[in-house]
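Step one of this worksheet: look at the structure below.
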Amino acid sequence: MSRKQPHCALVLLIAASVGGCAGDQSAFSPAGPHAESIDTLFWIMTVAGLLIFLAVMAMAAVAIGRRGRLGQLLSSERFVIGAGIVFPIAILTLLLTYGLFVMRAGAPLAAGEDALRIKVSGERWWWRITYVRPDGTTFESANEIRIPVGRPVVLELTTADVIHSFWVPKLAGKLDMIPGRTNELTLQASAEGVSRGQCAEYCGGAHALMSLYVVALAEDAFQEWFAREAGPAPPPETDRERLGQQIFLQNGCGGCHTIRGIGANGAIGPDLTHVGSRLSLAAAALPNDTQAFARWIRNNQHIKPDNLMPDYTILDESQLIALASYLEGLK
């Protein structure tokens, strides 16, 4: 190995690390007040820790050398007790108190009685999203959460199987989803935009492919989307889409999936009523287009191993494209 190779590797490592500090899944690009608090706390803790480390290393170097009165002072028993016991207790207590204050530890992030409430259930390996209307009725979506800008949104986090962990770094800290209990997390976006989330607790083979998007919309745009999303699926517009709807119903897809308005009421898999309007498919594993639908239907076990949907190899190419076109048209 040449001498230049280690330097190149170091440069690439630094570049990759810096590249991870930005983007739609970066805690260093906060897009809401809760994430901003976490970001502020991180930098204060990091800077304070770095300054203390440098001071300790400098004093240790002087003490080891025992140079002059300063060296004698640093190696004295009184200084060791003061700087080695009293100072750490005082500074750590101060930083801990500040951290608890910033994060409001123990205090619920209440959002008021009129707050939007969304139920999020971790599944293998996708997210079931249930919106609660003001009258208490609900409707479902999957793998994507839409929220209004500037309004706190309470997420009720549960799991249908194993422990998952909900984390959208740009909006809030992570919170575990534990079988048998409901944890609450408040999200609030400061501006319109898209934030990517991820399951942060290893939950099985396809854990790395269990992502989601949170889309923050202006209040008017959110209300318009909410009303449309709560309604039934749009009717197919073309002959190919009408054929795709028939294929969906005839092949038992409605036994696992719901499409409101056509008699498909399955609850095992994601609700597909408006699946064509989402940013991605299969919990952010694929883009949202006809080709991606076809790939998923035909070969989903290769894309996301061990998920609960079987590969549909019984459909010929024309049937597959018709079904994919129908699903892509569910806006």
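In the structure tokens, chains take the letters A, B, ... in the order shown, each chain's residues start at 1, and ligands count up from 1 in the order shown.
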Region 119-125 of chain A surroundings by only C-alpha atoms, 10 Å radius, close-in-sequence under 3 positions cut, as a PyMOL selection string:
chain A and resi 128-132+138+140-143+145+154-166+177-179+182+184+199+203-211+268-270+282-283+304-308
Using backbone DSSP assignments, extract all strand (DSSP E or B) residues from region 136-291 of chain A; output them as a ChimeraX atom specification.
/A:138-142,144-148,153-159,164-167,175-177,183-187,193-199,211-217,258-259,264-265,280-281,286-287
Can you tell me, as a short mmCIF file (atom, residue, chain, number, x, y, z; two decimals) with N, CA and C atoms, in the first residue's frame, which residues in region 23-161 of chain A count as helix (DSSP H, G or I) by DSSP?
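Okay, this is what ended up in out.cif:
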```cif
data_model
loop_
_atom_site.label_atom_id
_atom_site.label_comp_id
_atom_site.auth_asym_id
_atom_site.auth_seq_id
_atom_site.Cartn_x
_atom_site.Cartn_y
_atom_site.Cartn_z
N PRO A 33 -39.28 22.72 16.51
CA PRO A 33 -38.75 23.19 17.81
C PRO A 33 -38.15 22.09 18.66
N HIS A 34 -38.72 20.88 18.63
CA HIS A 34 -38.18 19.80 19.45
C HIS A 34 -36.81 19.35 18.93
N ALA A 35 -36.67 19.25 17.63
CA ALA A 35 -35.37 18.88 17.06
C ALA A 35 -34.35 19.99 17.27
N GLU A 36 -34.79 21.24 17.25
CA GLU A 36 -33.88 22.36 17.51
C GLU A 36 -33.34 22.30 18.93
N SER A 37 -34.18 21.91 19.90
CA SER A 37 -33.72 21.77 21.28
C SER A 37 -32.67 20.68 21.39
N ILE A 38 -32.89 19.58 20.71
CA ILE A 38 -31.93 18.48 20.74
C ILE A 38 -30.62 18.91 20.10
N ASP A 39 -30.69 19.64 19.00
CA ASP A 39 -29.50 20.11 18.31
C ASP A 39 -28.70 21.06 19.21
N THR A 40 -29.40 21.99 19.86
CA THR A 40 -28.73 22.93 20.77
C THR A 40 -28.05 22.19 21.92
N LEU A 41 -28.76 21.24 22.51
CA LEU A 41 -28.20 20.47 23.61
C LEU A 41 -26.97 19.70 23.17
N PHE A 42 -27.02 19.11 21.98
CA PHE A 42 -25.87 18.35 21.48
C PHE A 42 -24.63 19.24 21.37
N TRP A 43 -24.78 20.41 20.78
CA TRP A 43 -23.61 21.26 20.57
C TRP A 43 -23.06 21.80 21.89
N ILE A 44 -23.93 22.13 22.84
CA ILE A 44 -23.44 22.61 24.13
C ILE A 44 -22.68 21.50 24.85
N MET A 45 -23.24 20.30 24.86
CA MET A 45 -22.57 19.17 25.49
C MET A 45 -21.25 18.85 24.80
N THR A 46 -21.24 18.91 23.47
CA THR A 46 -20.02 18.58 22.72
C THR A 46 -18.93 19.61 22.97
N VAL A 47 -19.27 20.89 22.88
CA VAL A 47 -18.28 21.95 23.10
C VAL A 47 -17.76 21.91 24.53
N ALA A 48 -18.68 21.75 25.50
CA ALA A 48 -18.25 21.70 26.89
C ALA A 48 -17.33 20.50 27.13
N GLY A 49 -17.68 19.35 26.59
CA GLY A 49 -16.85 18.17 26.74
C GLY A 49 -15.48 18.33 26.12
N LEU A 50 -15.44 18.97 24.93
CA LEU A 50 -14.17 19.18 24.24
C LEU A 50 -13.27 20.12 25.03
N LEU A 51 -13.83 21.20 25.57
CA LEU A 51 -13.04 22.16 26.34
C LEU A 51 -12.48 21.50 27.60
N ILE A 52 -13.32 20.71 28.28
CA ILE A 52 -12.85 20.01 29.48
C ILE A 52 -11.75 19.02 29.13
N PHE A 53 -11.91 18.30 28.04
CA PHE A 53 -10.91 17.33 27.61
C PHE A 53 -9.57 18.01 27.34
N LEU A 54 -9.60 19.11 26.59
CA LEU A 54 -8.36 19.82 26.28
C LEU A 54 -7.70 20.37 27.54
N ALA A 55 -8.52 20.88 28.47
CA ALA A 55 -7.96 21.41 29.72
C ALA A 55 -7.32 20.30 30.53
N VAL A 56 -7.96 19.15 30.61
CA VAL A 56 -7.41 18.03 31.37
C VAL A 56 -6.11 17.54 30.75
N MET A 57 -6.07 17.43 29.40
CA MET A 57 -4.85 16.97 28.74
C MET A 57 -3.70 17.95 28.97
N ALA A 58 -4.01 19.26 28.94
CA ALA A 58 -2.96 20.26 29.15
C ALA A 58 -2.42 20.19 30.58
N MET A 59 -3.33 20.09 31.54
CA MET A 59 -2.90 20.02 32.94
C MET A 59 -2.14 18.73 33.21
N ALA A 60 -2.58 17.62 32.59
CA ALA A 60 -1.87 16.35 32.78
C ALA A 60 -0.44 16.43 32.25
N ALA A 61 -0.28 17.10 31.11
CA ALA A 61 1.06 17.22 30.54
C ALA A 61 1.97 18.04 31.44
N VAL A 62 1.42 19.12 31.99
CA VAL A 62 2.22 19.94 32.89
C VAL A 62 2.54 19.19 34.18
N ALA A 63 1.54 18.50 34.72
CA ALA A 63 1.76 17.77 35.98
C ALA A 63 2.79 16.67 35.82
N ILE A 64 2.76 15.97 34.67
CA ILE A 64 3.73 14.89 34.43
C ILE A 64 5.15 15.45 34.38
N GLY A 65 5.27 16.64 33.77
CA GLY A 65 6.59 17.26 33.67
C GLY A 65 7.05 17.87 34.97
N GLY A 68 8.21 23.70 37.56
CA GLY A 68 7.96 24.92 38.32
C GLY A 68 6.81 24.77 39.31
N ARG A 69 6.38 25.93 39.82
CA ARG A 69 5.31 25.96 40.81
C ARG A 69 3.99 25.44 40.24
N LEU A 70 3.73 25.72 38.94
CA LEU A 70 2.48 25.25 38.34
C LEU A 70 2.43 23.74 38.33
N GLY A 71 3.53 23.11 38.01
CA GLY A 71 3.57 21.66 38.02
C GLY A 71 3.35 21.09 39.41
N GLN A 72 3.95 21.74 40.42
CA GLN A 72 3.76 21.30 41.79
C GLN A 72 2.30 21.46 42.23
N LEU A 73 1.68 22.58 41.81
CA LEU A 73 0.28 22.82 42.16
C LEU A 73 -0.62 21.76 41.54
N LEU A 74 -0.39 21.45 40.28
CA LEU A 74 -1.26 20.50 39.58
C LEU A 74 -1.11 19.08 40.11
N GLU A 77 -2.23 17.18 46.28
CA GLU A 77 -3.42 16.45 46.68
C GLU A 77 -4.66 17.34 46.66
N ARG A 78 -4.50 18.59 47.12
CA ARG A 78 -5.64 19.51 47.16
C ARG A 78 -6.19 19.77 45.77
N PHE A 79 -5.31 19.95 44.78
CA PHE A 79 -5.78 20.20 43.41
C PHE A 79 -6.46 18.97 42.82
N VAL A 80 -5.89 17.80 43.11
CA VAL A 80 -6.48 16.56 42.59
C VAL A 80 -7.90 16.39 43.12
N ILE A 81 -8.11 16.68 44.41
CA ILE A 81 -9.45 16.55 44.98
C ILE A 81 -10.40 17.58 44.37
N GLY A 82 -9.89 18.83 44.26
CA GLY A 82 -10.76 19.89 43.73
C GLY A 82 -11.09 19.69 42.26
N ALA A 83 -10.07 19.41 41.43
CA ALA A 83 -10.29 19.28 39.99
C ALA A 83 -10.77 17.89 39.60
N GLY A 84 -10.46 16.88 40.41
CA GLY A 84 -10.82 15.51 40.04
C GLY A 84 -12.13 15.03 40.63
N ILE A 85 -12.61 15.70 41.70
CA ILE A 85 -13.86 15.27 42.34
C ILE A 85 -14.88 16.39 42.36
N VAL A 86 -14.52 17.52 42.93
CA VAL A 86 -15.47 18.63 43.09
C VAL A 86 -15.89 19.19 41.74
N PHE A 87 -14.92 19.48 40.89
CA PHE A 87 -15.24 20.09 39.59
C PHE A 87 -16.11 19.18 38.72
N PRO A 88 -15.79 17.88 38.55
CA PRO A 88 -16.67 17.02 37.74
C PRO A 88 -18.10 16.95 38.28
N ILE A 89 -18.24 16.86 39.62
CA ILE A 89 -19.59 16.81 40.18
C ILE A 89 -20.35 18.09 39.86
N ALA A 90 -19.69 19.22 40.02
CA ALA A 90 -20.35 20.51 39.78
C ALA A 90 -20.72 20.68 38.30
N ILE A 91 -19.77 20.42 37.41
CA ILE A 91 -20.02 20.68 35.99
C ILE A 91 -21.01 19.68 35.41
N LEU A 92 -20.93 18.41 35.83
CA LEU A 92 -21.88 17.41 35.33
C LEU A 92 -23.29 17.68 35.84
N THR A 93 -23.39 18.15 37.09
CA THR A 93 -24.71 18.50 37.62
C THR A 93 -25.29 19.67 36.85
N LEU A 94 -24.46 20.65 36.52
CA LEU A 94 -24.91 21.81 35.75
C LEU A 94 -25.38 21.40 34.36
N LEU A 95 -24.59 20.58 33.68
CA LEU A 95 -24.96 20.14 32.34
C LEU A 95 -26.21 19.26 32.36
N LEU A 96 -26.31 18.39 33.36
CA LEU A 96 -27.50 17.54 33.48
C LEU A 96 -28.74 18.39 33.72
N THR A 97 -28.64 19.37 34.61
CA THR A 97 -29.79 20.25 34.88
C THR A 97 -30.20 21.01 33.63
N TYR A 98 -29.20 21.50 32.90
CA TYR A 98 -29.51 22.21 31.66
C TYR A 98 -30.17 21.28 30.65
N GLY A 99 -29.65 20.05 30.53
CA GLY A 99 -30.24 19.09 29.60
C GLY A 99 -31.68 18.76 29.95
N LEU A 100 -31.96 18.57 31.24
CA LEU A 100 -33.33 18.30 31.66
C LEU A 100 -34.24 19.48 31.38
N PHE A 101 -33.71 20.68 31.55
CA PHE A 101 -34.51 21.89 31.28
C PHE A 101 -34.83 22.01 29.79
N VAL A 102 -33.80 21.83 28.95
CA VAL A 102 -34.00 21.95 27.51
C VAL A 102 -34.97 20.91 26.99
N MET A 103 -34.82 19.67 27.44
CA MET A 103 -35.65 18.58 26.95
C MET A 103 -36.96 18.46 27.72
#
```
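Residues within 12 Å of Ser280 (chain A), counting only C-alpha atoms and excluding same-chain residues fewer than 3 positions away, are Trp126, Ala142, Asn143, Glu144, Ile145, Arg196, Met210, Ser211, Leu212, Tyr213, Val214, Val275, Gly276, Ser277, Ala283, Ala284, Ala285, Leu286, Pro287, Asn288, Asp289, Thr290, Ala292, Phe293, Trp296 and Glu328 of chain A.
With only C-alpha atoms as the atoms that count, the residue of A:Val149, A:Val215, A:Ala27, A:Leu185 with the shortest distance to Leu279 (chain A) is A:Val215.
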